[in-house]
Amino acid sequence: MKPAKKNVDHRTRVGNERRRKMQLRLIEAALSVFAEKGIEATVIDDVISAAGVARGTFYNYFQTIDELLAALSLELGNDVMRSVERAVEHYADPVLRLASGIRMYLRTVLLYPSVSRFFWRAGLNAVGPSHLAFEYLPRHVEDGLDKGVLKVADTLTAIDIIAGIALSSIHAASTRTVAADYPEQMTGHILLALGVSRATVSRLLARELPGIELKPGSMLARLGNTA
C-alpha cells in the first residue's frame with residue numbers, strides 16, 4: 001500500500017506545481033498588461049494573448065479581471081512582505097519591528113505607482129487570508145502585548161488596525177498627492193492606535209530605515225521602478 005500512496009502523493013505534488021506555474025504565468029501576463037494599458041482598459045483577451053494560453057485555460061483559474069487583479073495584488077504584497085520581514089526580524093524590540101516594517105512596506109509600495117493602484121483597486125481582497133501579513137504580524141504584535149509595550153485589546157484587533165490604515169494609506173497615495181513623509185505620518189497613527197506613547201513614536205520614526213532588498217526573481221523587482 002505504501003508505494004501506491006507515494007505515487008498518489010507524487011502526482012498530487014506535481015499537479016499542484018503545474019497549476020501554480022500556470023497561475024503565475026497568468027498573473028505575470030496580467031502584470032505586464034496592466035502596467036502597459038492600465039487596469040480599466042484591460043480585458044481578459046489581453047491577458048490571454050500576453051500569456052499565450054487558451055481561453056479555457058484562463059477560466060480554469062480566474063473568472064474575472066478583478067479575481068486576477070486580487071491574485072496579482074497578493075503576489076506583489078507578499079513580495080514586499082518577505083523583503084520587509086528579512087530586514088526587521090532581527091530587532092529585539094517588537095515596536096521597532098512594527099514601526100520599521102510598516103514604514104518600509106508603505107514606502108516600497110508607494111515607490112511603484114501602478115502597484116499602489118493595483119492594491120487599492122483590489123481593496124480588501126489584496127490582504128486576504130493568504131497574505132503574509134497574517135503570518136508575520138501576529139508574531140510581532142503578540143510579542144509587544146506580552147512585553148506590555150502595545151496596549152490594544154488583542155492580536156486580531158491590532159492586525160485590523162494595521163491592515164486597515166495601511167490599505168487606506170495606499171488608496172490615498174494612489175488618488176491624491178501626499179507629503180514625502182506620508183508613510184511616517186500614517187505609521188505614527190497606527191502606533192498611537194496600538195497604544196504606543198507619542199514620545200516613543202517620535203523616536204522610532206526618526207530612525208533611519210534599513211535598506212530593502214528585493215530578490216531578483218521577485219515579481220516586484222521585475223516590474224521596475226517605472227511601473
# chains A, B, ... in the order shown; residues from 1 in each chain; ligands from 1
call {"tool": "residues_around", "arguments": {"residues": "Leu220 of chain A", "least_positions_apart": "3", "cutoff": "12 Å", "atoms": "only C-alpha atoms", "output": "PDB file with C-alpha atoms, in the first residue's frame"}}
result
ATOM      1  CA  GLU A  28       2.743  37.808 -14.718  1.00  0.00           C
ATOM      2  CA  LEU A  31       1.162  42.490 -14.584  1.00  0.00           C
ATOM      3  CA  SER A  32       2.652  43.467 -17.942  1.00  0.00           C
ATOM      4  CA  ALA A  35       1.298  48.242 -16.449  1.00  0.00           C
ATOM      5  CA  LEU A  72      -1.700  39.788  -8.607  1.00  0.00           C
ATOM      6  CA  SER A  73      -2.016  42.150  -5.647  1.00  0.00           C
ATOM      7  CA  LEU A  74      -1.499  39.245  -3.267  1.00  0.00           C
ATOM      8  CA  GLU A  75       1.670  38.139  -5.071  1.00  0.00           C
ATOM      9  CA  LEU A  76       3.099  41.658  -5.099  1.00  0.00           C
ATOM     10  CA  GLY A  77       2.147  42.278  -1.479  1.00  0.00           C
ATOM     11  CA  ASN A  78       3.815  39.065  -0.375  1.00  0.00           C
ATOM     12  CA  ASP A  79       6.945  40.002  -2.324  1.00  0.00           C
ATOM     13  CA  VAL A  80       7.199  43.182  -0.272  1.00  0.00           C
ATOM     14  CA  MET A  81       6.332  41.435   2.995  1.00  0.00           C
ATOM     15  CA  ARG A  82       9.126  38.880   2.567  1.00  0.00           C
ATOM     16  CA  SER A  83      11.693  41.606   1.951  1.00  0.00           C
ATOM     17  CA  THR A 108       8.192  50.451  -1.028  1.00  0.00           C
ATOM     18  CA  VAL A 109       4.612  50.137  -2.276  1.00  0.00           C
ATOM     19  CA  LEU A 111       7.546  53.780  -4.881  1.00  0.00           C
ATOM     20  CA  TYR A 112       5.616  51.811  -7.515  1.00  0.00           C
ATOM     21  CA  PRO A 113       2.565  53.876  -8.530  1.00  0.00           C
ATOM     22  CA  SER A 114       0.969  51.109 -10.573  1.00  0.00           C
ATOM     23  CA  VAL A 115       1.310  48.692  -7.662  1.00  0.00           C
ATOM     24  CA  SER A 116      -0.454  51.184  -5.405  1.00  0.00           C
ATOM     25  CA  GLU A 213      16.361  44.066  -0.864  1.00  0.00           C
ATOM     26  CA  LEU A 214      14.039  42.516  -3.407  1.00  0.00           C
ATOM     27  CA  LYS A 215      15.115  39.143  -4.722  1.00  0.00           C
ATOM     28  CA  PRO A 216      15.989  39.410  -8.445  1.00  0.00           C
ATOM     29  CA  GLY A 217      13.318  36.891  -9.406  1.00  0.00           C
ATOM     30  CA  LEU A 223       8.238  45.322 -12.562  1.00  0.00           C
ATOM     31  CA  GLY A 224      10.882  48.003 -12.003  1.00  0.00           C
ATOM     32  CA  ASN A 225      10.650  51.492 -10.564  1.00  0.00           C
ATOM     33  CA  THR A 226       8.885  52.872 -13.607  1.00  0.00           C
ATOM     34  CA  ALA A 227       5.729  50.822 -13.049  1.00  0.00           C
TER      35      ALA A 227
END
call {"tool": "closest_residue", "arguments": {"among": "A:Asp154, A:Glu36, A:Glu135, A:Glu184", "to": "Tyr105 of chain A", "atoms": "only C-alpha atoms"}}
result
A:Glu184
call {"tool": "residues_around", "arguments": {"residues": "Phe134 of chain A", "least_positions_apart": "4", "cutoff": "12 Å", "atoms": "only C-alpha atoms", "output": "list in words"}}
result
Gly77, Asn78, Met81, Val127, Gly128, Pro129, Ser130, Pro138, Arg139, His140, Val141, Thr155, Leu156, Ala158, Ile159, Asp160, Ile162 and Ala163 of chain A
call {"tool": "select_by_dssp", "arguments": {"residues": "chain A", "states": "alpha helix (DSSP H)", "output": "NGL selection string"}}
result
:A and (2-37 or 44-51 or 55-59 or 65-88 or 94-111 or 113-122 or 133-146 or 155-175 or 182-193 or 198-205 or 219-223)
call {"tool": "closest_residue", "arguments": {"among": "A:Thr175, A:Tyr182, A:Val95, A:Ser169", "to": "Asp146 of chain A", "atoms": "only C-alpha atoms"}}
result
A:Val95
call {"tool": "closest_residue", "arguments": {"among": "A:Leu110, A:Leu167, A:Leu191, A:Leu26", "to": "Leu68 of chain A", "atoms": "only C-alpha atoms"}}
result
A:Leu26
call {"tool": "decode", "arguments": {"residues": "segment 7-116 of chain A", "atoms": "C-alpha atoms", "output": "tab-separated table (two decimals), in the first residue's frame"}}
result
chain	number	residue	atom	x	y	z
A	7	ASN	CA	2.75	7.61	-6.19
A	8	VAL	CA	-0.52	9.41	-5.42
A	9	ASP	CA	1.33	11.98	-3.29
A	10	HIS	CA	3.87	12.50	-6.07
A	11	ARG	CA	1.16	13.02	-8.69
A	12	THR	CA	-0.64	15.44	-6.38
A	13	ARG	CA	2.54	17.42	-5.79
A	14	VAL	CA	3.40	17.54	-9.49
A	15	GLY	CA	-0.15	18.58	-10.31
A	16	ASN	CA	-0.08	21.35	-7.72
A	17	GLU	CA	3.27	22.59	-9.02
A	18	ARG	CA	1.98	22.62	-12.59
A	19	ARG	CA	-1.13	24.51	-11.53
A	20	ARG	CA	0.95	27.02	-9.58
A	21	LYS	CA	3.21	27.65	-12.58
A	22	MET	CA	0.24	28.31	-14.83
A	23	GLN	CA	-1.34	30.60	-12.27
A	24	LEU	CA	1.89	32.61	-12.03
A	25	ARG	CA	2.11	32.72	-15.83
A	26	LEU	CA	-1.31	34.34	-15.99
A	27	ILE	CA	-0.53	36.71	-13.12
A	28	GLU	CA	2.74	37.81	-14.72
A	29	ALA	CA	0.97	38.35	-18.04
A	30	ALA	CA	-1.61	40.48	-16.24
A	31	LEU	CA	1.16	42.49	-14.58
A	32	SER	CA	2.65	43.47	-17.94
A	33	VAL	CA	-0.74	44.25	-19.49
A	34	PHE	CA	-1.96	46.28	-16.50
A	35	ALA	CA	1.30	48.24	-16.45
A	36	GLU	CA	1.03	48.99	-20.18
A	37	LYS	CA	-2.70	49.61	-20.65
A	38	GLY	CA	-3.98	50.35	-17.15
A	39	ILE	CA	-6.49	48.30	-15.18
A	40	GLU	CA	-9.62	49.90	-16.60
A	41	ALA	CA	-8.60	49.34	-20.22
A	42	THR	CA	-7.54	45.71	-19.78
A	43	VAL	CA	-9.84	42.90	-20.87
A	44	ILE	CA	-9.46	39.15	-20.47
A	45	ASP	CA	-8.44	38.71	-24.12
A	46	ASP	CA	-5.42	40.96	-23.49
A	47	VAL	CA	-4.19	38.69	-20.71
A	48	ILE	CA	-4.87	35.52	-22.70
A	49	SER	CA	-2.85	36.90	-25.60
A	50	ALA	CA	0.03	38.03	-23.39
A	51	ALA	CA	0.17	34.67	-21.60
A	52	GLY	CA	-0.18	32.67	-24.82
A	53	VAL	CA	-2.86	30.38	-23.41
A	54	ALA	CA	-6.31	29.23	-24.48
A	55	ARG	CA	-9.43	30.95	-23.17
A	56	GLY	CA	-10.46	27.77	-21.36
A	57	THR	CA	-7.14	27.69	-19.53
A	58	PHE	CA	-7.69	31.20	-18.26
A	59	TYR	CA	-11.15	30.35	-16.94
A	60	ASN	CA	-9.75	27.33	-15.11
A	61	TYR	CA	-8.02	29.81	-12.83
A	62	PHE	CA	-9.92	33.11	-12.91
A	63	GLN	CA	-13.44	34.15	-13.82
A	64	THR	CA	-12.95	37.92	-13.98
A	65	ILE	CA	-10.28	40.58	-14.29
A	66	ASP	CA	-10.96	41.55	-10.67
A	67	GLU	CA	-10.17	38.00	-9.50
A	68	LEU	CA	-6.92	38.15	-11.44
A	69	LEU	CA	-6.14	41.58	-10.00
A	70	ALA	CA	-6.68	40.29	-6.47
A	71	ALA	CA	-4.27	37.40	-7.12
A	72	LEU	CA	-1.70	39.79	-8.61
A	73	SER	CA	-2.02	42.15	-5.65
A	74	LEU	CA	-1.50	39.25	-3.27
A	75	GLU	CA	1.67	38.14	-5.07
A	76	LEU	CA	3.10	41.66	-5.10
A	77	GLY	CA	2.15	42.28	-1.48
A	78	ASN	CA	3.82	39.07	-0.37
A	79	ASP	CA	6.95	40.00	-2.32
A	80	VAL	CA	7.20	43.18	-0.27
A	81	MET	CA	6.33	41.43	2.99
A	82	ARG	CA	9.13	38.88	2.57
A	83	SER	CA	11.69	41.61	1.95
A	84	VAL	CA	10.46	43.72	4.86
A	85	GLU	CA	10.46	40.77	7.26
A	86	ARG	CA	14.06	39.91	6.36
A	87	ALA	CA	15.08	43.49	7.10
A	88	VAL	CA	13.43	43.84	10.54
A	89	GLU	CA	13.13	40.37	12.05
A	90	HIS	CA	16.42	40.68	13.95
A	91	TYR	CA	15.28	43.68	16.03
A	92	ALA	CA	14.70	42.71	19.66
A	93	ASP	CA	12.08	45.44	20.24
A	94	PRO	CA	8.69	44.39	18.78
A	95	VAL	CA	7.56	48.02	18.43
A	96	LEU	CA	10.71	48.84	16.46
A	97	ARG	CA	9.99	45.85	14.22
A	98	LEU	CA	6.45	47.07	13.62
A	99	ALA	CA	7.41	50.72	13.14
A	100	SER	CA	10.24	49.96	10.72
A	101	GLY	CA	8.30	47.25	8.91
A	102	ILE	CA	5.18	49.36	8.32
A	103	ARG	CA	7.24	52.33	7.14
A	104	MET	CA	9.25	50.14	4.77
A	105	TYR	CA	6.13	48.47	3.42
A	106	LEU	CA	4.38	51.76	2.70
A	107	ARG	CA	7.48	53.40	1.26
A	108	THR	CA	8.19	50.45	-1.03
A	109	VAL	CA	4.61	50.14	-2.28
A	110	LEU	CA	4.31	53.87	-2.89
A	111	LEU	CA	7.55	53.78	-4.88
A	112	TYR	CA	5.62	51.81	-7.52
A	113	PRO	CA	2.56	53.88	-8.53
A	114	SER	CA	0.97	51.11	-10.57
A	115	VAL	CA	1.31	48.69	-7.66
A	116	SER	CA	-0.45	51.18	-5.40
